[in-house]
file target_18.tsv (TSV, C-alpha atoms)
chain	number	residue	atom	x	y	z
A	665	MET	CA	-26.57	-7.58	43.70
A	666	ARG	CA	-24.73	-10.03	41.43
A	667	LYS	CA	-21.64	-7.80	41.51
A	668	ALA	CA	-21.73	-7.66	45.32
A	669	VAL	CA	-21.92	-11.46	45.53
A	670	MET	CA	-19.05	-11.84	43.09
A	671	THR	CA	-16.97	-9.30	45.04
A	672	ALA	CA	-17.60	-11.19	48.30
A	673	CYS	CA	-16.55	-14.46	46.69
A	674	TRP	CA	-13.40	-12.81	45.31
A	675	LEU	CA	-12.49	-11.48	48.76
A	676	LEU	CA	-12.97	-14.85	50.37
A	677	ALA	CA	-11.02	-16.60	47.64
A	678	LEU	CA	-7.96	-14.52	48.48
A	679	LEU	CA	-7.95	-15.12	52.21
A	680	THR	CA	-5.12	-17.63	52.05
A	681	ALA	CA	-2.97	-16.16	49.26
A	682	HIS	CA	0.68	-17.22	49.70
A	683	GLY	CA	-0.25	-18.69	53.06
A	684	GLN	CA	-1.35	-15.24	54.30
A	685	ARG	CA	-4.79	-13.91	55.18
A	686	VAL	CA	-5.62	-11.34	52.50
A	687	VAL	CA	-8.50	-9.07	51.52
A	688	MET	CA	-8.36	-7.43	48.08
A	689	VAL	CA	-9.82	-4.00	47.31
A	690	GLU	CA	-11.29	-3.24	43.89
A	691	LYS	CA	-9.24	-0.64	42.02
A	692	GLY	CA	-10.47	2.91	42.70
A	693	ASP	CA	-13.64	1.71	44.46
A	694	ALA	CA	-14.13	3.51	47.78
A	695	ARG	CA	-17.04	1.26	48.74
A	696	SER	CA	-14.84	-1.79	48.23
A	697	LEU	CA	-12.21	-0.23	50.50
A	698	ILE	CA	-14.77	0.41	53.25
A	699	ARG	CA	-16.08	-3.16	52.93
A	700	ALA	CA	-12.56	-4.55	53.13
A	701	ILE	CA	-11.86	-2.62	56.33
A	702	SER	CA	-15.16	-3.74	57.82
A	703	GLU	CA	-14.34	-7.35	56.94
A	704	ALA	CA	-10.87	-7.02	58.45
A	705	ASN	CA	-12.28	-5.49	61.65
A	706	SER	CA	-14.56	-8.49	62.01
A	707	MET	CA	-11.92	-11.09	61.21
A	708	ASN	CA	-9.29	-9.53	63.49
A	709	ALA	CA	-11.45	-8.50	66.43
A	710	GLU	CA	-9.12	-10.26	68.89
A	711	ARG	CA	-5.92	-8.53	69.97
A	712	ASP	CA	-3.80	-11.62	69.25
A	713	ALA	CA	-5.26	-12.20	65.77
A	714	GLU	CA	-2.88	-13.33	63.04
A	715	ARG	CA	-1.71	-10.62	60.63
A	716	LEU	CA	-4.27	-9.79	57.92
A	717	TYR	CA	-3.42	-7.89	54.73
A	718	ILE	CA	-5.68	-5.45	52.85
A	719	LEU	CA	-4.24	-4.92	49.36
A	720	ILE	CA	-5.15	-1.59	47.75
A	721	PRO	CA	-4.31	-1.10	44.04
A	722	ASN	CA	-3.26	2.28	42.65
A	723	GLY	CA	-6.29	4.51	42.21
A	724	PHE	CA	-8.29	7.37	43.67
A	725	TYR	CA	-10.57	6.31	46.53
A	726	ASP	CA	-13.02	9.17	47.07
A	727	LEU	CA	-14.82	8.92	50.41
A	728	GLY	CA	-16.67	12.20	49.85
A	729	GLU	CA	-17.79	13.74	53.15
A	730	THR	CA	-17.39	10.43	55.01
A	731	VAL	CA	-15.31	10.87	58.17
A	732	LEU	CA	-13.95	8.68	60.95
A	733	THR	CA	-13.88	5.36	59.10
A	734	LYS	CA	-12.95	3.16	62.04
A	735	ILE	CA	-10.25	0.52	62.06
A	736	THR	CA	-11.08	-1.45	65.19
A	737	GLY	CA	-9.38	-4.73	64.35
A	738	HIS	CA	-5.82	-5.60	65.35
A	739	ASN	CA	-2.73	-6.59	63.35
A	740	ILE	CA	-4.21	-5.33	60.08
A	741	ALA	CA	-1.80	-4.23	57.32
A	742	LEU	CA	-3.23	-1.82	54.76
A	743	ILE	CA	-0.87	-2.05	51.79
A	744	GLY	CA	-1.17	0.34	48.87
A	745	GLN	CA	0.55	-0.10	45.54
A	746	SER	CA	2.53	3.16	45.72
A	747	MET	CA	2.93	6.14	48.02
A	748	THR	CA	1.74	8.71	45.46
A	749	GLU	CA	-0.65	6.73	43.21
A	750	THR	CA	-2.79	5.04	45.87
A	751	VAL	CA	-4.80	8.01	47.13
A	752	ILE	CA	-7.56	7.86	49.76
A	753	GLN	CA	-9.39	11.16	50.20
A	754	ASN	CA	-12.28	12.64	52.10
A	755	LYS	CA	-13.62	16.20	51.98
A	756	PRO	CA	-15.57	17.17	55.11
A	757	ASP	CA	-17.87	20.16	55.02
A	758	VAL	CA	-16.04	23.18	56.50
A	759	LYS	CA	-18.96	23.61	58.92
A	760	ASN	CA	-17.94	20.33	60.53
A	761	GLU	CA	-14.23	21.08	60.93
A	762	GLY	CA	-12.69	19.82	64.15
A	763	ILE	CA	-9.81	17.72	65.39
A	764	SER	CA	-12.06	14.84	66.51
A	765	LYS	CA	-14.62	15.06	63.71
A	766	THR	CA	-12.81	15.08	60.37
A	767	ALA	CA	-10.32	12.21	60.15
A	768	ILE	CA	-10.22	9.89	57.16
A	769	PHE	CA	-9.31	6.96	59.41
A	770	GLN	CA	-9.75	6.62	63.15
A	771	ASN	CA	-7.55	3.75	64.25
A	772	ARG	CA	-8.49	1.96	67.47
A	773	GLY	CA	-6.56	-1.27	67.01
A	774	THR	CA	-3.16	-2.49	68.18
A	775	GLY	CA	-0.38	-3.45	65.80
A	776	ASN	CA	-1.92	-1.97	62.66
A	777	TYR	CA	0.27	-1.04	59.71
A	778	PHE	CA	-0.04	1.38	56.77
A	779	GLN	CA	2.23	1.30	53.72
A	780	ASP	CA	2.54	2.93	50.28
A	781	MET	CA	-0.44	5.27	50.18
A	782	THR	CA	-1.55	8.90	50.36
A	783	LEU	CA	-4.22	9.99	52.84
A	784	LYS	CA	-5.62	13.38	51.85
A	785	ASN	CA	-8.12	15.44	53.82
A	786	ALA	CA	-9.44	17.91	51.27
A	787	LEU	CA	-11.45	20.11	53.65
A	788	ASP	CA	-11.26	23.65	52.21
A	789	TYR	CA	-8.75	24.98	54.72
A	790	TYR	CA	-8.51	28.50	53.36
A	791	GLU	CA	-12.29	28.90	53.47
A	792	ALA	CA	-12.67	27.44	56.95
A	793	GLY	CA	-12.19	30.71	58.84
A	794	ALA	CA	-10.27	30.88	62.12
A	795	ALA	CA	-9.59	27.13	62.21
A	796	GLY	CA	-9.40	24.43	59.59
A	797	ARG	CA	-8.74	21.31	61.62
A	798	ALA	CA	-8.75	18.43	59.15
A	799	VAL	CA	-7.16	15.16	60.26
A	800	THR	CA	-5.96	12.37	57.99
A	801	LEU	CA	-5.16	9.77	60.66
A	802	GLN	CA	-6.55	10.01	64.20
A	803	ASP	CA	-4.76	7.25	66.05
A	804	LYS	CA	-6.40	6.01	69.25
A	805	GLY	CA	-4.68	2.65	68.92
A	806	ASN	CA	-1.21	1.51	69.88
A	807	ARG	CA	1.96	0.40	68.13
A	808	THR	CA	0.83	1.62	64.73
A	809	ILE	CA	3.41	1.80	61.94
A	810	CYS	CA	3.26	4.10	58.89
A	811	ASN	CA	5.80	3.21	56.20
A	812	ARG	CA	5.97	5.33	53.05
A	813	VAL	CA	2.68	7.03	53.88
A	814	ARG	CA	1.95	10.58	52.67
A	815	LEU	CA	-0.44	12.63	54.83
A	816	LEU	CA	-1.87	15.73	53.14
A	817	SER	CA	-3.79	18.45	54.98
A	818	TYR	CA	-3.14	21.79	56.67
A	819	GLN	CA	-4.08	21.92	60.37
A	820	ASP	CA	-3.94	18.85	62.65
A	821	THR	CA	-2.92	16.59	59.77
A	822	TYR	CA	-1.78	13.77	62.10
A	823	PHE	CA	-3.30	13.29	65.55
A	824	SER	CA	-1.73	10.78	67.96
A	825	ASP	CA	-4.73	10.42	70.23
A	826	ASN	CA	-3.67	7.93	72.89
A	827	ASP	CA	-1.82	9.16	75.95
A	828	GLN	CA	-0.02	5.82	76.53
A	829	SER	CA	0.74	4.94	72.92
A	830	GLN	CA	3.79	4.02	70.89
A	831	PHE	CA	3.76	4.88	67.16
A	832	TYR	CA	6.38	4.71	64.40
A	833	PHE	CA	6.74	6.48	61.04
A	834	GLN	CA	9.37	5.60	58.45
A	835	ASP	CA	10.18	7.22	55.07
A	836	SER	CA	6.83	9.03	55.18
A	837	GLU	CA	5.73	12.56	54.27
A	838	ILE	CA	3.52	14.91	56.31
A	839	HIS	CA	2.17	18.26	55.05
A	840	GLY	CA	0.52	21.06	56.99
A	841	THR	CA	0.54	24.59	58.34
A	842	VAL	CA	-0.09	24.81	62.07
A	843	ASP	CA	0.08	22.11	64.78
A	844	PHE	CA	-0.10	19.59	61.97
A	845	ILE	CA	1.67	16.87	63.92
A	846	CYS	CA	-0.13	16.92	67.24
A	847	GLY	CA	-1.15	14.83	70.20
A	848	ASP	CA	0.08	12.47	72.84
A	849	GLY	CA	2.24	9.38	73.31
A	850	ASP	CA	5.73	8.45	72.12
A	851	VAL	CA	6.08	8.79	68.33
A	852	TRP	CA	9.27	8.19	66.36
A	853	PHE	CA	9.64	9.74	62.88
A	854	GLU	CA	12.49	8.12	60.92
A	855	ARG	CA	13.75	9.71	57.66
A	856	CYS	CA	10.44	11.49	57.11
A	857	LYS	CA	9.81	14.57	54.98
A	858	VAL	CA	7.89	17.36	56.70
A	859	VAL	CA	6.41	20.02	54.41
A	860	THR	CA	5.05	23.32	55.69
A	861	GLU	CA	2.38	24.71	53.34
A	862	ARG	CA	1.27	28.33	52.96
A	863	ARG	CA	-0.36	29.51	56.19
A	864	SER	CA	-2.95	31.59	54.33
A	865	LEU	CA	-3.77	32.83	50.86
A	866	LYS	CA	-1.88	36.00	51.74
A	867	PRO	CA	1.92	35.92	51.46
A	868	GLY	CA	4.05	35.23	54.52
A	869	GLY	CA	2.60	33.84	57.72
A	870	ARG	CA	4.02	31.66	60.48
A	871	ASN	CA	3.75	27.89	60.79
A	872	VAL	CA	4.32	25.56	63.74
A	873	ILE	CA	5.05	21.94	62.88
A	874	ALA	CA	4.35	20.02	66.08
A	875	ALA	CA	2.02	20.53	69.03
A	876	PRO	CA	2.59	17.69	71.52
A	877	LYS	CA	0.67	17.33	74.76
A	878	THR	CA	2.72	14.52	76.26
A	879	SER	CA	1.25	13.33	79.56
A	880	LYS	CA	1.93	9.68	80.44
A	881	THR	CA	4.88	8.66	78.27
A	882	PRO	CA	8.54	9.61	78.79
A	883	TRP	CA	9.74	10.55	75.28
A	884	GLY	CA	7.11	12.37	73.22
A	885	TYR	CA	7.85	13.18	69.57
A	886	ILE	CA	11.28	12.25	68.16
A	887	PHE	CA	12.21	13.32	64.62
A	888	ASN	CA	15.35	11.50	63.44
A	889	HIS	CA	17.17	12.29	60.17
A	890	CYS	CA	14.09	14.03	58.78
A	891	THR	CA	13.92	16.75	56.10
A	892	VAL	CA	11.90	19.96	56.34
A	893	GLU	CA	10.69	21.70	53.19
A	894	ASN	CA	8.98	25.09	53.33
A	895	ILE	CA	6.56	26.14	50.60
A	896	GLU	CA	6.56	29.77	51.76
A	897	SER	CA	5.83	30.59	55.40
A	898	ASN	CA	8.38	30.79	58.20
A	899	PHE	CA	8.13	28.13	60.88
A	900	GLU	CA	9.05	26.88	64.33
A	901	TRP	CA	9.73	23.31	65.39
A	902	ALA	CA	6.99	23.00	68.01
A	903	ARG	CA	4.80	24.61	70.63
A	904	GLY	CA	3.34	23.17	73.81
A	905	TRP	CA	-0.27	22.10	73.70
A	906	ASN	CA	-0.79	20.75	77.22
A	907	ASN	CA	0.70	18.73	80.10
A	908	THR	CA	4.51	18.36	79.72
A	909	PRO	CA	5.03	18.36	75.95
A	910	ARG	CA	8.18	16.69	74.62
A	911	CYS	CA	9.63	17.13	71.14
A	912	VAL	CA	13.17	16.46	69.88
A	913	TRP	CA	14.66	17.07	66.42
A	914	LEU	CA	17.80	15.06	65.64
A	915	CYS	CA	20.03	15.56	62.59
A	916	THR	CA	17.34	17.36	60.59
A	917	THR	CA	18.04	18.73	57.10
A	918	LEU	CA	16.46	22.12	56.36
A	919	LEU	CA	15.99	22.92	52.68
A	920	SER	CA	15.35	26.58	53.60
A	921	PRO	CA	17.23	27.30	56.84
A	922	GLU	CA	16.31	30.98	56.67
A	923	LYS	CA	12.65	30.02	57.22
A	924	LEU	CA	13.31	28.79	60.78
A	925	ASN	CA	12.40	31.60	63.18
A	926	ALA	CA	15.00	32.90	65.61
A	927	THR	CA	13.72	31.18	68.77
A	928	ARG	CA	13.43	27.92	66.79
A	929	PHE	CA	10.63	26.77	69.11
A	930	ASP	CA	7.47	28.83	69.67
A	931	TRP	CA	7.84	30.57	73.02
A	932	ARG	CA	4.08	31.21	73.27
A	933	GLY	CA	2.49	28.58	75.49
A	934	MET	CA	-1.04	27.45	74.72
A	935	ASN	CA	-1.90	25.74	78.02
A	936	THR	CA	1.56	25.18	79.46
A	937	VAL	CA	5.05	26.67	79.47
A	938	VAL	CA	6.83	23.67	80.98
A	939	ASN	CA	8.23	21.49	78.20
A	940	ASP	CA	11.11	19.35	76.97
A	941	PHE	CA	11.87	20.86	73.55
A	942	LYS	CA	15.29	20.00	72.16
A	943	GLU	CA	17.37	19.99	68.97
A	944	TYR	CA	20.64	18.43	67.84
A	945	GLY	CA	22.63	18.23	64.63
A	946	THR	CA	20.44	20.38	62.37
A	947	MET	CA	22.07	20.99	58.97
A	948	ASP	CA	21.49	22.63	55.61
A	949	VAL	CA	21.18	20.74	52.34
A	950	GLN	CA	24.97	20.75	51.94
A	951	GLY	CA	25.34	18.99	55.29
A	952	ARG	CA	26.72	22.03	57.12
A	953	SER	CA	25.74	22.46	60.75
A	954	ILE	CA	23.29	25.28	61.44
A	955	VAL	CA	22.87	24.66	65.17
A	956	PRO	CA	23.86	27.50	67.50
A	957	GLN	CA	26.05	26.61	70.45
A	958	THR	CA	23.24	27.69	72.72
A	959	ASN	CA	19.58	28.61	72.31
A	960	VAL	CA	17.99	29.61	75.59
A	961	VAL	CA	14.28	30.27	75.23
A	962	THR	CA	11.90	31.77	77.76
A	963	PHE	CA	8.47	30.30	77.21
A	964	LYS	CA	5.64	32.57	78.36
A	965	MET	CA	1.92	32.37	78.85
A	966	THR	CA	-0.81	34.56	80.33
A	967	LYS	CA	-3.74	32.98	82.13
A	968	LYS	CA	-6.88	34.88	83.09
A	969	LYS	CA	-9.41	33.77	85.66
A	970	GLN	CA	-12.62	35.46	86.79
A	971	GLU	CA	-13.16	35.52	90.55
A	972	GLY	CA	-16.41	37.29	91.33
A	973	ASP	CA	-16.18	40.72	89.79
A	974	ARG	CA	-12.38	40.58	89.59
A	975	GLU	CA	-10.29	39.27	86.71
A	976	ILE	CA	-7.12	37.60	87.99
A	977	VAL	CA	-4.23	37.67	85.53
A	978	ARG	CA	-1.24	35.41	86.11
A	979	GLU	CA	1.94	35.32	84.06
A	980	HIS	CA	3.74	32.00	83.66
A	981	SER	CA	7.23	31.50	82.30
A	982	HIS	CA	9.83	28.76	81.90
A	983	THR	CA	13.39	29.26	80.66
A	984	ALA	CA	15.31	26.36	79.14
A	985	GLU	CA	18.27	25.49	76.92
A	986	THR	CA	17.01	23.80	73.75
A	987	ILE	CA	20.31	22.54	72.29
A	988	LEU	CA	21.30	18.98	73.21
A	989	THR	CA	24.87	17.85	73.78
A	990	GLU	CA	26.08	14.82	71.85
A	991	GLN	CA	25.86	12.70	74.99
A	992	GLU	CA	22.28	13.78	75.58
A	993	ALA	CA	21.34	13.15	71.95
A	994	ASN	CA	22.73	9.60	72.12
A	995	ARG	CA	19.96	8.66	74.57
A	996	TYR	CA	17.44	8.83	71.75
A	997	THR	CA	17.36	5.43	70.08
A	998	VAL	CA	14.48	3.26	68.89
A	999	GLY	CA	15.50	0.67	71.49
A	1000	ASN	CA	15.45	3.11	74.38
A	1001	VAL	CA	12.16	4.67	73.33
A	1002	PHE	CA	10.17	1.52	72.56
A	1003	GLY	CA	11.75	-1.18	74.74
A	1004	ASP	CA	10.49	-4.61	73.72
A	1005	TRP	CA	8.74	-3.30	70.59
A	1006	HIS	CA	10.92	-3.25	67.47
A	1007	PRO	CA	8.94	-1.40	64.77
A	1008	ASP	CA	11.90	-1.24	62.38
A	1009	VAL	CA	12.14	-5.04	62.45
A	1010	VAL	CA	8.36	-5.41	62.05
A	1011	THR	CA	8.49	-3.06	59.06
A	1012	ARG	CA	11.17	-5.07	57.27
A	1013	LYS	CA	9.22	-8.27	57.80
A	1014	ILE	CA	5.92	-6.88	56.51
A	1015	GLU	CA	7.61	-5.17	53.55
A	1016	LYS	CA	9.05	-8.50	52.44
A	1017	GLN	CA	5.70	-10.26	52.66
A	1018	ALA	CA	3.86	-7.35	51.01
A	1019	ARG	CA	6.15	-7.49	47.96
A	1020	LYS	CA	5.09	-11.07	47.36
A	1021	LEU	CA	1.41	-10.34	47.82
A	1022	MET	CA	1.35	-7.21	45.69
A	1023	LYS	CA	2.50	-9.16	42.65
A	1024	ARG	CA	-1.11	-10.21	42.32
A	1025	LEU	CA	-2.13	-6.65	41.39
call {"tool": "encode", "arguments": {"input": "target_18.tsv", "output": "structure tokens"}}
result
Amino acid sequence: MRKAVMTACWLLALLTAHGQRVVMVEKGDARSLIRAISEANSMNAERDAERLYILIPNGFYDLGETVLTKITGHNIALIGQSMTETVIQNKPDVKNEGISKTAIFQNRGTGNYFQDMTLKNALDYYEAGAAGRAVTLQDKGNRTICNRVRLLSYQDTYFSDNDQSQFYFQDSEIHGTVDFICGDGDVWFERCKVVTERRSLKPGGRNVIAAPKTSKTPWGYIFNHCTVENIESNFEWARGWNNTPRCVWLCTTLLSPEKLNATRFDWRGMNTVVNDFKEYGTMDVQGRSIVPQTNVVTFKMTKKKQEGDREIVREHSHTAETILTEQEANRYTVGNVFGDWHPDVVTRKIEKQARKLMKRL
């Protein structure tokens, strides 16, 4: 009890550090992290609340089987001490796997910000059977920024779960096997590292990086100047989940170009064949272009429907060119995608303030 009282006093004492509203987490204490988030949710319940900082020292924050820790407040900045040494992990039971049941954090706020941390979902993917959906960040909020954030899992690692959202990643790292960057909204990935892990314990296998289901936003997923590393399995850029999925890869560096399958995008539709899948400026590690002049893909899907005692089978297909021209590629800018929101500017501002605050650790 005495420790809890002292911790509360310490949190309150830091609320005006350097003129900023701050909550400090105890090093390596998962309970302290949960309390800090709960406190921040309460303090920043209003959408126009002033920026609040949660400072997280290097350490291992083990949430055990706890899932869906909610961030409901707005304009909260969770600042770790380093991208690789500040590690927040949960490990859901494989019996409870699922895209909407396993996330470490479920963000529901607007304007929230993550920096310098690793989020690891340690669900035992290879023992999970047919599916091992284990989310690190399920984002139901809007205008979230992840800066130098490492997301570690296998299937459904990152889930953008708001069909009218805008999200921004910068200098981050995302690991997975299949559909591990999935969901809705407009999401910009700037200078991120994407790592495809082994699809199964057996050699080989095929990975798919992104599975967008874009419905109400015009741009979808944009990967700009990112790097793709392949642990073993071959891969494709994306496949369509639902609606009119959009996914564009611009000036990507492939560390293992031979791992990219011939069609480059997965032609097998899940629930749709209509899509806007594009690529421009892909290169190898020496900076040499590895983009074909043309890459026409026919996306196909079979749908079955039972009508009385008859099974109706319908074939759907959509043929499209997936290589952008330079003029088409130039449309994709942060300004065009996000309009009056400038996440790169917001990031620079918060980084500067966070450097001052983190000196207290």
call {"tool": "atom_distance", "arguments": {"input": "target_18.tsv", "atom1": "atom CA of Val686 of chain A", "atom2": "atom CA of Val1010 of chain A"}}
result
17.9 Å
call {"tool": "residues_around", "arguments": {"input": "target_18.tsv", "residues": "Pro956 of chain A", "least_positions_apart": "4", "cutoff": "12 Å", "atoms": "only C-alpha atoms", "output": "PyMOL selection string"}}
result
chain A and resi 926-928+943-947+960+985-989
call {"tool": "atom_distance", "arguments": {"input": "target_18.tsv", "atom1": "atom CA of Ser829 of chain A", "atom2": "atom CA of Thr1011 of chain A"}}
result
17.8 Å
call {"tool": "residues_around", "arguments": {"input": "target_18.tsv", "residues": "Asp803 of chain A", "least_positions_apart": "5", "cutoff": "9 Å", "atoms": "all atoms listed in the file", "output": "VMD selection string"}}
result
chain A and resid 769 to 773 808 822 to 826 831
call {"tool": "write_last_selection", "arguments": {"input": "target_18.tsv", "atoms": "C-alpha atoms", "output": "compact mmCIF listing (two decimals), in the frame of the given file"}}
result
# COMPACT_ATOMS: atom_id res chain seq x y z
CA PHE A 769 -9.31 6.96 59.41
CA GLN A 770 -9.75 6.62 63.15
CA ASN A 771 -7.55 3.75 64.25
CA ARG A 772 -8.49 1.96 67.47
CA GLY A 773 -6.56 -1.27 67.01
CA THR A 808 0.83 1.62 64.73
CA TYR A 822 -1.78 13.77 62.10
CA PHE A 823 -3.30 13.29 65.55
CA SER A 824 -1.73 10.78 67.96
CA ASP A 825 -4.73 10.42 70.23
CA ASN A 826 -3.67 7.93 72.89
CA PHE A 831 3.76 4.88 67.16
call {"tool": "atom_distance", "arguments": {"input": "target_18.tsv", "atom1": "atom CA of Ala1018 of chain A", "atom2": "atom CA of Thr821 of chain A"}}
result
26.4 Å
call {"tool": "residues_around", "arguments": {"input": "target_18.tsv", "residues": "Thr966 of chain A", "least_positions_apart": "3", "cutoff": "9 Å", "atoms": "all atoms listed in the file", "output": "list in words"}}
result
Gly933, Val977, Arg978, Glu979, His980 and Ser981 of chain A
call {"tool": "closest_residue", "arguments": {"input": "target_18.tsv", "among": "A:Asp930, A:Asp788, A:Glu761, A:Glu990", "to": "Lys964 of chain A", "atoms": "only C-alpha atoms"}}
result
A:Asp930
call {"tool": "residues_around", "arguments": {"input": "target_18.tsv", "residues": "Ala767 of chain A", "least_positions_apart": "4", "cutoff": "7 Å", "atoms": "all atoms listed in the file", "output": "list in words"}}
result
Val731, Leu732, Ala798, Val799, Thr800, Leu801 and Gln802 of chain A
call {"tool": "residues_around", "arguments": {"input": "target_18.tsv", "residues": "Pro876 of chain A", "least_positions_apart": "2", "cutoff": "9 Å", "atoms": "all atoms listed in the file", "output": "PyMOL selection string"}}
result
chain A and resi 824+843+845-849+874+878+884-885+902-911
call {"tool": "write_last_selection", "arguments": {"input": "target_18.tsv", "atoms": "C-alpha atoms", "output": "compact mmCIF listing (two decimals), keeping the file's coordinate frame"}}
result
# COMPACT_ATOMS: atom_id res chain seq x y z
CA SER A 824 -1.73 10.78 67.96
CA ASP A 843 0.08 22.11 64.78
CA ILE A 845 1.67 16.87 63.92
CA CYS A 846 -0.13 16.92 67.24
CA GLY A 847 -1.15 14.83 70.20
CA ASP A 848 0.08 12.47 72.84
CA GLY A 849 2.24 9.38 73.31
CA ALA A 874 4.35 20.02 66.08
CA THR A 878 2.72 14.52 76.26
CA GLY A 884 7.11 12.37 73.22
CA TYR A 885 7.85 13.18 69.57
CA ALA A 902 6.99 23.00 68.01
CA ARG A 903 4.80 24.61 70.63
CA GLY A 904 3.34 23.17 73.81
CA TRP A 905 -0.27 22.10 73.70
CA ASN A 906 -0.79 20.75 77.22
CA ASN A 907 0.70 18.73 80.10
CA THR A 908 4.51 18.36 79.72
CA PRO A 909 5.03 18.36 75.95
CA ARG A 910 8.18 16.69 74.62
CA CYS A 911 9.63 17.13 71.14
call {"tool": "decode", "arguments": {"input": "target_18.tsv", "residues": "segment 891-907 of chain A", "atoms": "C-alpha atoms", "output": "PDB file, in the first residue's frame"}}
result
ATOM      1  CA  THR A 891      13.163  -1.688 -47.003  1.00  0.00           C
ATOM      2  CA  VAL A 892      12.004  -5.303 -47.177  1.00  0.00           C
ATOM      3  CA  GLU A 893      14.051  -8.049 -45.535  1.00  0.00           C
ATOM      4  CA  ASN A 894      13.153 -11.718 -45.970  1.00  0.00           C
ATOM      5  CA  ILE A 895      14.144 -14.266 -43.344  1.00  0.00           C
ATOM      6  CA  GLU A 896      13.356 -17.203 -45.644  1.00  0.00           C
ATOM      7  CA  SER A 897       9.964 -17.406 -47.342  1.00  0.00           C
ATOM      8  CA  ASN A 898       9.043 -15.883 -50.692  1.00  0.00           C
ATOM      9  CA  PHE A 899       6.539 -13.041 -50.612  1.00  0.00           C
ATOM     10  CA  GLU A 900       4.111 -10.786 -52.430  1.00  0.00           C
ATOM     11  CA  TRP A 901       3.435  -7.117 -51.776  1.00  0.00           C
ATOM     12  CA  ALA A 902      -0.270  -7.402 -50.963  1.00  0.00           C
ATOM     13  CA  ARG A 903      -3.583  -9.133 -51.474  1.00  0.00           C
ATOM     14  CA  GLY A 904      -7.107  -7.759 -51.347  1.00  0.00           C
ATOM     15  CA  TRP A 905      -9.056  -8.358 -48.173  1.00  0.00           C
ATOM     16  CA  ASN A 906     -12.338  -6.594 -48.946  1.00  0.00           C
ATOM     17  CA  ASN A 907     -14.017  -3.547 -50.521  1.00  0.00           C
TER      18      ASN A 907
END
